[in-house]
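Worksheet: one structure, shown below.
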Protein chains: 2
Amino acid sequence: MIKQIEEHRSCRFFSDKSIDKQIIRAIAEAAVRASNTGNMQLYSIVATTDRELLDALAPLHFSQPAARTAPLLLTFCADINRFSKWCRLRGAEPAYDNFLWFVNAATDALLASQNASLEAEANGLGVCYLGTTIYNAAAIARLLDMPSGVIPITTVAVGYPTDTPSLTDRLPIEAVLHEQRYHDYTDSDIEALWAERESSEFTKELLEQNQLPTLAHIFTERRYTQKDNLAMSQSYFELLCKQGFFNQQK
Amino acid sequence: MIKQIEEHRSCRFFSDKSIDKQIIRAIAEAAVRASNTGNMQLYSIVATTDRELLDALAPLHFSQPAARTAPLLLTFCADINRFSKWCRLRGAEPAYDNFLWFVNAATDALLASQNASLEAEANGLGVCYLGTTIYNAAAIARLLDMPSGVIPITTVAVGYPTDTPSLTDRLPIEAVLHEQRYHDYTDSDIEALWAERESSEFTKELLEQNQLPTLAHIFTERRYTQKDNLAMSQSYFELLCKQGFFNQQK
């Protein structure tokens, strides 16, 4: 397996050593090699290293350690602004301000982000994806001056890690890999796929600490509750509309 | 730069040599190493190698050469079905049937797909992303038996390539990389960023063939027209709702 893929883990604590500009550029150069829709490159990467700005971004990522300690936050955005500007400058009428192009542009941005993450790791850096980008996307977009046509989709925190966390477990490969067609799961499939994780010491401790009956309840009642899910769902979709990715009827 | 990242190109013609099951598994093993939301692994990979089924999928990808000739199509799906089933089996009430979790699950699927693509290339295979997945997502979901809670987000065509296309050009790195904050583009920025591409021989030939005044018009009037964009935008969003990713108000 490609070394960086095999050894990838999310690093959440970084030293204060800053990252050379050339390395940031090399990471971006790797990002742009990813496939993208029609070679339109419908994404932007905001590379923030300024301490004051990082300190303003951290709370928008719920001040999680990776966001607080990373010397570099790479905010990946779906971006139809640049391409649309070019079209208009050429007298061509762009029609990318709709949901299809949110999906296309977000896809471009995410494939680029994965290349960037692997390349950062190849440079001795550690990375952590910040899913919190979606939760506070409006505030992040505002802080980073994103105009209409641009929306943040993910953030990669990058830095020199101060620890080496162990690899995270995964469900058996059969959980995600379907032969020929999608094969829906029976109850006994589900039992088998989660058996190892549910019986682990780690899970037992987690349930003890949280006083909850199953690992599933940790997710539904602690980590990602219905109330939070619906609020964030609503706010991200509103931002999508506000930033001009849902003008279905022109 | 990581070799597979540096040398990535979209291969569109494949020999009929089939791909060993072990290699398909190795590709999936690389996919699952990617970061994912809360280690919930909200994606599925449908690996189709059956010739009859491939022949049924190809027209849904507009019979583009990569879809017609690849011995393996990997359809990556956002999947809240498996996780929700597990929650219910444990008596926990999942609330992932909303837009937030479409975005989270699609992100998981796309990061996994990029790992899969690079790992396929490390195994001597060529790949091509099929953006057409979004255009005909409903028919693809139906053909591949995807239940509620599952939606295709991208497809990677994989095979032994019969040619080695040259690397595709990219805009200068300054086009996509922003320092500190997003810096919006002036007209002269746009002129500078597209100058090289617009003055290329390839562009000149394209304009000649299409009898259009600028490269931008190739995109807006030929490749991705307003009419198509809006129709596909509508149909993908409808599928999103149908598959249960937009139950905002429960």
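All residue names refer to the structure tokens as shown: chains lettered A, B, ... in order, residues numbered from 1 in each chain, ligands numbered from 1 in order.
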
Self-check item: Expected answer as a count of residues only: chain A residues within 6 Å of chain B, only C-alpha atoms
Solution: 28

Quiz prompt | Ordered Cα pairing of chain B with chain A, RMSD after least-squares superposition | solution = 0.0 Å

Self-check item: helix (DSSP H, G or I) per DSSP on the backbone: members of stretch 16-247 of chain B, as a ChimeraX atom specification
Solution: /B:21-32,37-39,51-61,65-69,81-89,99-122,132-135,137-143,173-175,187-198,201-210,215-223,226-242

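Across the model, the gap from atom CA of B:Asn136 to atom CA of B:Phe14 is 22.7 Å.
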
Practice problem: Name the residues of stretch 132-229 of chain B that come out as strand (DSSP E) in a backbone DSSP run; write them as a PyMOL selection string. | Solution: chain B and resi 150-159+177-179

Can you write out the residues you just picked, keeping C-alpha atoms, as a PDB file, in the first residue's frame?
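Writing done, so here's again.pdb:
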```
ATOM      1  CA  VAL B 150     -27.601   5.422  -0.098  1.00  0.00           C
ATOM      2  CA  ILE B 151     -26.793   7.711  -3.036  1.00  0.00           C
ATOM      3  CA  PRO B 152     -24.020   7.476  -5.642  1.00  0.00           C
ATOM      4  CA  ILE B 153     -21.580  10.377  -5.553  1.00  0.00           C
ATOM      5  CA  THR B 154     -18.815   9.375  -7.956  1.00  0.00           C
ATOM      6  CA  THR B 155     -17.532   6.463 -10.010  1.00  0.00           C
ATOM      7  CA  VAL B 156     -13.952   5.485 -10.697  1.00  0.00           C
ATOM      8  CA  ALA B 157     -13.382   3.453 -13.855  1.00  0.00           C
ATOM      9  CA  VAL B 158     -10.392   1.162 -13.383  1.00  0.00           C
ATOM     10  CA  GLY B 159      -8.415  -1.013 -15.763  1.00  0.00           C
ATOM     11  CA  LEU B 177      -3.969  29.042  -3.442  1.00  0.00           C
ATOM     12  CA  HIS B 178      -4.939  31.988  -1.248  1.00  0.00           C
ATOM     13  CA  GLU B 179      -2.695  33.314   1.506  1.00  0.00           C
TER      14      GLU B 179
END
```

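Here atom CA of A:Gly244 and atom CA of A:Gly149 stand 5.6 Å from one another.
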
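If you measure from each of B:Arg12, B:Lys21, B:His61, B:Lys242 to B:Ile140 using only C-alpha atoms, the closest one turns out to be B:His61.
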